[in-house]
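Pasted below: model_7.pdb, PDB, C-alpha atoms.
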ATOM      1  CA  MET A   1     -24.366  -8.172 -39.987
ATOM      2  CA  LEU A   2     -25.287  -4.910 -41.660
ATOM      3  CA  GLY A   3     -24.522  -1.857 -39.569
ATOM      4  CA  ALA A   4     -22.462  -3.782 -37.017
ATOM      5  CA  GLU A   5     -19.524  -1.960 -35.465
ATOM      6  CA  VAL A   6     -16.222  -3.680 -34.792
ATOM      7  CA  GLU A   7     -13.784  -2.174 -32.310
ATOM      8  CA  LEU A   8     -10.129  -3.051 -32.768
ATOM      9  CA  GLN A   9      -8.214  -2.826 -29.509
ATOM     10  CA  GLN A  10      -4.481  -3.357 -29.169
ATOM     11  CA  VAL A  11      -3.505  -5.266 -26.027
ATOM     12  CA  ASP A  12      -0.083  -5.781 -24.510
ATOM     13  CA  SER A  13       1.310  -9.285 -24.651
ATOM     14  CA  SER A  14       0.683 -10.202 -21.006
ATOM     15  CA  VAL A  15      -1.851 -12.164 -19.007
ATOM     16  CA  PHE A  16      -2.609  -9.135 -16.826
ATOM     17  CA  ALA A  17      -3.459  -6.958 -19.852
ATOM     18  CA  LEU A  18      -5.788  -9.618 -21.240
ATOM     19  CA  GLU A  19      -7.465  -9.942 -17.837
ATOM     20  CA  ASN A  20      -8.153  -6.205 -17.792
ATOM     21  CA  VAL A  21      -9.756  -6.322 -21.239
ATOM     22  CA  LEU A  22     -12.108  -9.129 -20.239
ATOM     23  CA  LYS A  23     -12.915  -7.569 -16.863
ATOM     24  CA  SER A  24     -13.644  -4.199 -18.472
ATOM     25  CA  TRP A  25     -16.743  -5.788 -20.007
ATOM     26  CA  LEU A  26     -18.168  -6.025 -16.479
ATOM     27  CA  HIS A  27     -18.254  -2.235 -16.195
ATOM     28  CA  GLU A  28     -21.363  -0.385 -17.262
ATOM     29  CA  GLN A  29     -20.367   1.109 -20.604
ATOM     30  CA  GLY A  30     -23.397   3.239 -21.359
ATOM     31  CA  GLY A  31     -23.485   6.953 -20.615
ATOM     32  CA  ASP A  32     -27.247   7.263 -20.917
ATOM     33  CA  ARG A  33     -27.936   8.193 -17.289
ATOM     34  CA  GLU A  34     -26.468   9.893 -14.249
ATOM     35  CA  HIS A  35     -25.646   7.635 -11.311
ATOM     36  CA  LEU A  36     -25.273  10.000  -8.369
ATOM     37  CA  HIS A  37     -26.040  13.592  -7.421
ATOM     38  CA  LEU A  38     -23.762  15.017  -4.728
ATOM     39  CA  LEU A  39     -25.536  17.906  -2.990
ATOM     40  CA  LEU A  40     -23.579  20.691  -1.275
ATOM     41  CA  PRO A  41     -25.131  23.627   0.603
ATOM     42  CA  SER A  42     -25.421  26.989  -1.111
ATOM     43  CA  MET A  43     -26.326  30.529  -0.153
ATOM     44  CA  GLY A  44     -29.679  30.213  -1.937
ATOM     45  CA  ASP A  45     -32.491  27.681  -1.858
ATOM     46  CA  THR A  46     -31.015  25.452  -4.575
ATOM     47  CA  PRO A  47     -28.075  23.295  -3.431
ATOM     48  CA  VAL A  48     -24.904  22.919  -5.452
ATOM     49  CA  CYS A  49     -25.377  19.678  -7.399
ATOM     50  CA  ILE A  50     -22.368  17.689  -8.620
ATOM     51  CA  LYS A  51     -23.355  14.919 -11.044
ATOM     52  CA  CYS A  52     -21.245  11.758 -10.777
ATOM     53  CA  ASP A  53     -20.901   8.352 -12.392
ATOM     54  CA  ILE A  54     -20.268   5.258 -10.274
ATOM     55  CA  GLN A  55     -17.740   2.584 -11.173
ATOM     56  CA  GLU A  56     -17.253  -0.729  -9.402
ATOM     57  CA  ARG A  57     -13.769  -1.268  -8.031
ATOM     58  CA  LEU A  58     -13.817  -5.027  -7.503
ATOM     59  CA  ILE A  59     -15.827  -8.173  -8.145
ATOM     60  CA  SER A  60     -17.957  -9.014  -5.135
ATOM     61  CA  PRO A  61     -16.573 -12.175  -3.472
ATOM     62  CA  ALA A  62     -20.145 -13.071  -2.494
ATOM     63  CA  LEU A  63     -20.823 -13.895  -6.169
ATOM     64  CA  ILE A  64     -18.113 -16.571  -6.195
ATOM     65  CA  PRO A  65     -18.828 -20.064  -4.760
ATOM     66  CA  LEU A  66     -15.509 -19.966  -2.874
ATOM     67  CA  SER A  67     -16.365 -16.656  -1.186
ATOM     68  CA  PRO A  68     -15.893 -17.892   2.431
ATOM     69  CA  ASN A  69     -12.250 -18.565   1.577
ATOM     70  CA  LEU A  70     -11.860 -15.118   0.030
ATOM     71  CA  GLY A  71     -12.569 -13.265   3.246
ATOM     72  CA  ALA A  72     -15.997 -12.062   2.188
ATOM     73  CA  LYS A  73     -17.630 -12.838   5.528
ATOM     74  CA  THR A  74     -16.468 -10.686   8.423
ATOM     75  CA  GLU A  75     -19.837 -10.132  10.071
ATOM     76  CA  SER A  76     -18.875 -11.884  13.319
ATOM     77  CA  PRO A  77     -15.969 -13.731  14.988
ATOM     78  CA  ARG A  78     -17.674 -17.012  14.065
ATOM     79  CA  ASP A  79     -16.691 -16.402  10.437
ATOM     80  CA  PHE A  80     -13.067 -16.869  11.500
ATOM     81  CA  LEU A  81     -13.533 -20.138  13.347
ATOM     82  CA  LEU A  82     -12.495 -23.206  11.389
ATOM     83  CA  SER A  83     -14.594 -26.347  11.276
ATOM     84  CA  LYS A  84     -14.280 -28.897  14.060
ATOM     85  CA  ASN A  85     -12.112 -31.956  13.627
ATOM     86  CA  SER A  86     -14.605 -34.012  15.607
ATOM     87  CA  ALA A  87     -17.877 -33.629  17.450
ATOM     88  CA  THR A  88     -16.100 -33.271  20.795
ATOM     89  CA  GLN A  89     -13.597 -30.600  19.748
ATOM     90  CA  SER A  90     -14.144 -26.858  19.691
ATOM     91  CA  PRO A  91     -13.720 -24.877  16.453
ATOM     92  CA  LEU A  92     -10.102 -24.036  15.737
ATOM     93  CA  PRO A  93      -8.919 -20.408  15.507
ATOM     94  CA  GLN A  94      -8.124 -18.960  12.111
ATOM     95  CA  ARG A  95      -4.418 -18.513  11.338
ATOM     96  CA  LEU A  96      -3.333 -15.361   9.498
ATOM     97  CA  LYS A  97       0.315 -15.073   8.493
ATOM     98  CA  ALA A  98       2.030 -11.701   8.069
ATOM     99  CA  ILE A  99       3.590 -11.549   4.601
ATOM    100  CA  LYS A 100       4.432  -7.867   4.112
ATOM    101  CA  VAL A 101       4.761  -4.493   5.855
ATOM    102  CA  LEU A 102       3.153  -1.569   4.008
ATOM    103  CA  CYS A 103       3.346   2.198   4.426
ATOM    104  CA  ALA A 104      -0.059   3.571   5.392
ATOM    105  CA  ASP A 105       0.186   6.352   2.793
ATOM    106  CA  GLY A 106       0.612   3.748   0.056
ATOM    107  CA  VAL A 107      -2.606   1.838   0.807
ATOM    108  CA  CYS A 108      -5.671   2.847  -1.206
ATOM    109  CA  GLU A 109      -8.930   2.673   0.739
ATOM    110  CA  SER A 110     -10.794   1.385  -2.332
ATOM    111  CA  LEU A 111      -8.828  -1.878  -2.180
ATOM    112  CA  MET A 112     -10.366  -2.838   1.171
ATOM    113  CA  TYR A 113     -13.918  -4.084   1.507
ATOM    114  CA  GLY A 114     -16.321  -5.826   3.863
ATOM    115  CA  LEU A 115     -17.014  -5.199   7.535
ATOM    116  CA  PRO A 116     -14.006  -4.459   9.758
ATOM    117  CA  LEU A 117     -13.257  -6.508  12.844
ATOM    118  CA  LEU A 118     -11.530  -5.316  15.997
ATOM    119  CA  LEU A 119      -8.660  -7.394  17.384
ATOM    120  CA  ARG A 120      -7.692  -7.316  21.054
ATOM    121  CA  PRO A 121      -5.260  -9.459  23.068
ATOM    122  CA  SER A 122      -6.920 -12.748  23.936
ATOM    123  CA  CYS A 123      -8.361 -13.282  27.403
ATOM    124  CA  CYS A 124      -9.311 -16.919  26.777
ATOM    125  CA  TRP A 125      -9.691 -18.800  30.063
ATOM    126  CA  SER A 126      -7.684 -21.773  28.738
ATOM    127  CA  LEU A 127      -4.489 -19.674  28.607
ATOM    128  CA  ASP A 128      -2.297 -19.718  31.685
ATOM    129  CA  TRP A 129      -1.422 -16.407  33.312
ATOM    130  CA  ASP A 130       2.174 -16.223  32.054
ATOM    131  CA  ASP A 131       1.131 -16.968  28.477
ATOM    132  CA  MET A 132      -1.640 -14.372  28.633
ATOM    133  CA  GLU A 133       0.698 -11.715  30.033
ATOM    134  CA  SER A 134       3.388 -12.443  27.435
ATOM    135  CA  ASN A 135       0.817 -12.347  24.638
ATOM    136  CA  HIS A 136      -0.492  -9.011  25.929
ATOM    137  CA  LYS A 137       3.001  -7.492  25.831
ATOM    138  CA  ILE A 138       3.672  -8.693  22.272
ATOM    139  CA  PHE A 139       0.285  -7.377  21.143
ATOM    140  CA  HIS A 140       1.018  -4.008  22.754
ATOM    141  CA  GLY A 141       4.409  -3.882  21.049
ATOM    142  CA  LEU A 142       2.879  -4.608  17.645
ATOM    143  CA  CYS A 143       0.283  -1.853  18.088
ATOM    144  CA  HIS A 144       2.980   0.627  19.095
ATOM    145  CA  ILE A 145       5.315  -0.149  16.182
ATOM    146  CA  LEU A 146       2.579  -0.048  13.537
ATOM    147  CA  ARG A 147       1.093   3.202  14.801
ATOM    148  CA  SER A 148       4.337   5.059  15.547
ATOM    149  CA  ARG A 149       5.757   4.216  12.110
ATOM    150  CA  SER A 150       2.430   4.596  10.205
ATOM    151  CA  LEU A 151       2.527   1.029   8.931
ATOM    152  CA  PHE A 152      -0.053  -1.534   7.859
ATOM    153  CA  LEU A 153       0.463  -5.272   8.041
ATOM    154  CA  LEU A 154      -0.597  -7.441   5.102
ATOM    155  CA  LEU A 155      -1.883 -10.845   6.225
ATOM    156  CA  GLN A 156      -2.600 -14.066   4.361
ATOM    157  CA  SER A 157      -4.824 -16.865   5.564
ATOM    158  CA  GLU A 158      -3.679 -20.437   5.661
ATOM    159  CA  PRO A 159      -6.073 -22.427   3.441
ATOM    160  CA  THR A 160      -8.187 -24.994   5.219
ATOM    161  CA  HIS A 161      -8.738 -27.276   2.220
ATOM    162  CA  LYS A 162      -6.043 -28.927   0.135
ATOM    163  CA  THR A 163      -6.719 -29.584  -3.523
ATOM    164  CA  ALA A 164      -5.524 -32.547  -5.545
ATOM    165  CA  SER A 165      -3.930 -30.432  -8.268
ATOM    166  CA  ARG A 166      -2.192 -27.936  -6.011
ATOM    167  CA  ALA A 167      -0.615 -28.008  -2.600
ATOM    168  CA  ALA A 168      -2.662 -25.054  -1.351
ATOM    169  CA  GLY A 169      -6.265 -23.932  -1.728
ATOM    170  CA  VAL A 170      -7.681 -20.425  -2.038
ATOM    171  CA  PHE A 171      -6.003 -17.663  -0.040
ATOM    172  CA  SER A 172      -7.682 -14.647   1.501
ATOM    173  CA  HIS A 173      -5.811 -11.474   2.403
ATOM    174  CA  TYR A 174      -6.374  -8.891   5.100
ATOM    175  CA  MET A 175      -5.018  -5.512   6.122
ATOM    176  CA  LEU A 176      -4.132  -4.900   9.766
ATOM    177  CA  GLN A 177      -4.136  -1.344  11.095
ATOM    178  CA  ALA A 178      -3.244  -0.078  14.563
ATOM    179  CA  SER A 179      -5.423   2.309  16.570
ATOM    180  CA  PRO A 180      -4.644   4.723  19.437
ATOM    181  CA  SER A 181      -6.108   2.202  21.876
ATOM    182  CA  LEU A 182      -4.775  -1.288  22.516
ATOM    183  CA  SER A 183      -6.525  -2.798  19.488
ATOM    184  CA  LEU A 184      -6.015  -3.590  15.810
ATOM    185  CA  LEU A 185      -8.415  -3.159  12.902
ATOM    186  CA  LEU A 186      -8.730  -6.123  10.516
ATOM    187  CA  LYS A 187     -10.292  -5.687   7.089
ATOM    188  CA  PRO A 188     -10.329  -7.875   3.943
ATOM    189  CA  VAL A 189      -8.259  -6.605   1.033
ATOM    190  CA  VAL A 190      -8.852  -7.350  -2.639
ATOM    191  CA  SER A 191      -6.617  -9.725  -4.585
ATOM    192  CA  ARG A 192      -5.629  -9.626  -8.250
ATOM    193  CA  GLU A 193      -8.394 -11.995  -9.362
ATOM    194  CA  LEU A 194     -11.147  -9.754  -7.946
ATOM    195  CA  LEU A 195      -9.688  -6.389  -8.966
ATOM    196  CA  LEU A 196     -11.484  -4.570 -11.776
ATOM    197  CA  PRO A 197      -9.562  -2.257 -14.125
ATOM    198  CA  CYS A 198      -9.589   1.390 -13.136
ATOM    199  CA  SER A 199      -7.805   4.092 -15.101
ATOM    200  CA  VAL A 200      -7.845   7.327 -13.109
ATOM    201  CA  PRO A 201      -4.614   9.217 -13.865
ATOM    202  CA  PRO A 202      -3.534  12.034 -11.535
ATOM    203  CA  CYS A 203      -4.989  15.412 -12.420
ATOM    204  CA  THR A 204      -2.229  17.901 -13.247
ATOM    205  CA  GLN A 205      -4.513  20.744 -14.319
ATOM    206  CA  GLU A 206      -5.417  23.449 -11.811
ATOM    207  CA  PRO A 207      -9.151  23.729 -11.037
ATOM    208  CA  CYS A 208     -11.186  26.663 -12.271
ATOM    209  CA  PRO A 209     -10.967  29.564  -9.750
ATOM    210  CA  GLU A 210     -14.716  30.155  -9.969
ATOM    211  CA  ALA A 211     -15.469  26.504  -9.199
ATOM    212  CA  THR A 212     -12.990  26.512  -6.309
ATOM    213  CA  SER A 213     -14.633  29.591  -4.805
ATOM    214  CA  THR A 214     -18.077  27.998  -5.130
ATOM    215  CA  VAL A 215     -17.002  24.807  -3.379
ATOM    216  CA  GLN A 216     -15.118  26.678  -0.662
ATOM    217  CA  ALA A 217     -18.125  28.885   0.089
ATOM    218  CA  SER A 218     -20.323  25.797   0.178
ATOM    219  CA  LEU A 219     -18.105  23.829   2.565
ATOM    220  CA  GLN A 220     -17.815  26.801   4.927
ATOM    221  CA  GLN A 221     -21.519  26.407   5.669
ATOM    222  CA  LEU A 222     -20.933  22.924   7.095
ATOM    223  CA  ASP A 223     -19.810  22.190  10.646
ATOM    224  CA  GLU A 224     -16.210  21.008  10.838
ATOM    225  CA  GLU A 225     -15.224  18.446  13.465
ATOM    226  CA  SER A 226     -11.771  17.094  14.208
ATOM    227  CA  VAL A 227     -13.105  13.698  15.355
ATOM    228  CA  PHE A 228     -15.935  11.729  13.771
ATOM    229  CA  ASN A 229     -18.509  10.505  16.294
ATOM    230  CA  PRO A 230     -20.993   7.976  14.831
ATOM    231  CA  LEU A 231     -23.210   8.357  17.920
ATOM    232  CA  LEU A 232     -24.310  11.708  16.520
ATOM    233  CA  LEU A 233     -25.717  10.061  13.378
ATOM    234  CA  ASN A 234     -29.286   8.789  13.359
ATOM    235  CA  SER A 235     -30.399   6.611  10.435
ATOM    236  CA  ASN A 236     -34.028   6.393  11.616
ATOM    237  CA  LEU A 237     -33.612   2.606  11.683
ATOM    238  CA  TYR A 238     -35.392   2.003  15.001
ATOM    239  CA  VAL A 239     -38.437   3.965  13.850
ATOM    240  CA  GLN A 240     -38.627   1.951  10.639
ATOM    241  CA  LEU A 241     -38.246  -1.372  12.449
ATOM    242  CA  ARG A 242     -40.982  -0.394  14.889
ATOM    243  CA  SER A 243     -43.219   0.687  12.034
ATOM    244  CA  HIS A 244     -42.735  -2.544  10.102
ATOM    245  CA  GLY A 245     -43.318  -4.553  13.244
ATOM    246  CA  LEU A 246     -46.666  -2.866  13.860
ATOM    247  CA  LEU A 247     -47.674  -3.370  10.237
ATOM    248  CA  PHE A 248     -46.700  -7.027  10.409
ATOM    249  CA  HIS A 249     -48.795  -7.738  13.500
ATOM    250  CA  GLY A 250     -51.690  -5.780  12.047
ATOM    251  CA  ARG A 251     -52.119  -8.223   9.168
ATOM    252  CA  TYR A 252     -53.447 -11.000  11.348
ATOM    253  CA  THR A 253     -56.353 -11.234  13.749
ATOM    254  CA  TYR A 254     -55.771 -13.526  16.688
ATOM    255  CA  LYS A 255     -58.689 -15.144  18.533
ATOM    256  CA  TYR A 256     -58.344 -16.321  22.098
TER     257      TYR A 256
END

Show this structure as structure tokens.
Amino acid sequence: MLGAEVELQQVDSSVFALENVLKSWLHEQGGDREHLHLLLPSMGDTPVCIKCDIQERLISPALIPLSPNLGAKTESPRDFLLSKNSATQSPLPQRLKAIKVLCADGVCESLMYGLPLLLRPSCCWSLDWDDMESNHKIFHGLCHILRSRSLFLLLQSEPTHKTASRAAGVFSHYMLQASPSLSLLLKPVVSRELLLPCSVPPCTQEPCPEATSTVQASLQQLDEESVFNPLLLNSNLYVQLRSHGLLFHGRYTYKY
């Protein structure tokens, strides 16, 4: 075609490099618009505006037909219950196997996704007292070791469906983090197949002194808190739900 442009790109001789080239096509390539304006307070009436571009970090598991096996659903404990073997049996608990111990400083937050779930020692009535007490002690010991040594635990699910071509089905992976209380935080973590290429090398150049002073003066106008309390945030959700409810009922006229 006349006027067509051909880009020649050299790729390393590896499957991973070829994957990154193909996945890079999923990123928005155009620079014709700004994606996000980050507003910081200023001394005047006009806030400090930082213009940003947004880049996706991973492929959404919800777009893949096998998404339930990729850990995409963590909205409720029911998402972790396996299907019943028969009509008379209760759903089986999910089994997650620890496969690696990770340093907390070496885990990037962008590699975790989905809604977190809180784990606590089981108080199921079918457990006898000795088993429940022993389980509670082991759980407490795990929380203590992970938190005192700043460690995360990488977990892998045991696939529920066997395929004819392979011995195992699709795996999902999770990150387990300890908290100050007797609980653990469980969150899905991305795997190689879902990871999108991201080239953000460390910045070795010192920032401009004028820009640093502007940002520092801006942040000093904000309240600083040592502990984040979500109860202090109001999204105006209840007001909107009430408003939509009134509008919904107002569409119809009921006769008695």

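Between A:Leu117 and the candidates A:His144, A:Gln177, A:Met43, A:Asn20, the tightest atom-to-atom separation, counting only C-alpha atoms, involves A:Gln177.
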
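Across A:Ile59, A:Leu154, A:Val190, A:Val6, the tightest approach to A:Ser110 is made by A:Val190 when counting all atoms listed in the file.
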
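Note that atom CA of A:Pro202 and atom CA of A:Gln10 are 23.4 Å apart.
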
Apply the PyMOL selection byres ((chain A and resi 55-57) around 8) to the displayed file and report the matching residues as a PyMOL selection string.
chain A and resi 27-28+53-54+58-59+110-111+195-198

Taking into account only C-alpha atoms, which residue in the set A:Glu206, A:Glu5, A:Asp223, A:Glu193 is nearest to A:Glu19?
A:Glu193

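Distance-wise, atom CA of A:Leu194 and atom CA of A:Ile64 end up 9.9 Å apart.
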
Skip A:Ala104 itself and residues of its chain fewer than 4 positions away, then list as a ChimeraX atom specification all residues within 8 Å of it, counting all atoms listed in the file.
/A:150-152

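The point (-9.9, -14.0, 27.5) has these residues within 12 Å of it when only C-alpha atoms are used: A:Arg120, A:Pro121, A:Ser122, A:Cys123, A:Cys124, A:Trp125, A:Ser126, A:Leu127, A:Asp128, A:Trp129, A:Asp131, A:Met132, A:Glu133, A:Asn135, A:His136.
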
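Closest approach to A:Lys23 among A:Arg242, A:His140, A:Arg192, A:Arg149: A:Arg192, based on only C-alpha atoms.
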
When you look at stretch 39-42 of chain A with a cut-off of 10 Å (counting all atoms listed in the file), what residues show up, excluding the ones that are within fewer than 3 positions of it in the same chain? I need them as a ChimeraX atom specification.
/A:36,45-51,214-215,217-222

Contacts of A:Ile99 within 12 Å, all atoms listed in the file, excl. fewer than 5 positions in-chain, as a ChimeraX atom specification
/A:152-158,173-176

Write the residues you've just listed into a file as a PDB file, in the coordinates of the input, and include C-alpha atoms for each of them.
ATOM      1  CA  PHE A 152      -0.053  -1.534   7.859  1.00  0.00           C
ATOM      2  CA  LEU A 153       0.463  -5.272   8.041  1.00  0.00           C
ATOM      3  CA  LEU A 154      -0.597  -7.441   5.102  1.00  0.00           C
ATOM      4  CA  LEU A 155      -1.883 -10.845   6.225  1.00  0.00           C
ATOM      5  CA  GLN A 156      -2.600 -14.066   4.361  1.00  0.00           C
ATOM      6  CA  SER A 157      -4.824 -16.865   5.564  1.00  0.00           C
ATOM      7  CA  GLU A 158      -3.679 -20.437   5.661  1.00  0.00           C
ATOM      8  CA  HIS A 173      -5.811 -11.474   2.403  1.00  0.00           C
ATOM      9  CA  TYR A 174      -6.374  -8.891   5.100  1.00  0.00           C
ATOM     10  CA  MET A 175      -5.018  -5.512   6.122  1.00  0.00           C
ATOM     11  CA  LEU A 176      -4.132  -4.900   9.766  1.00  0.00           C
TER      12      LEU A 176
END

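Across A:Leu119, A:Leu231, A:Ala211, A:Val239, the tightest approach to A:Ser179 is made by A:Leu119 when counting only C-alpha atoms.
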
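Distances to A:Val170 were evaluated for A:Gly245, A:Pro209, A:Gly44, A:Pro65 using all atoms listed in the file, and the minimum falls at A:Pro65.
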
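Interatomic distance, atom CA of A:Gln205 against atom CA of A:Cys108: 22.2 Å.
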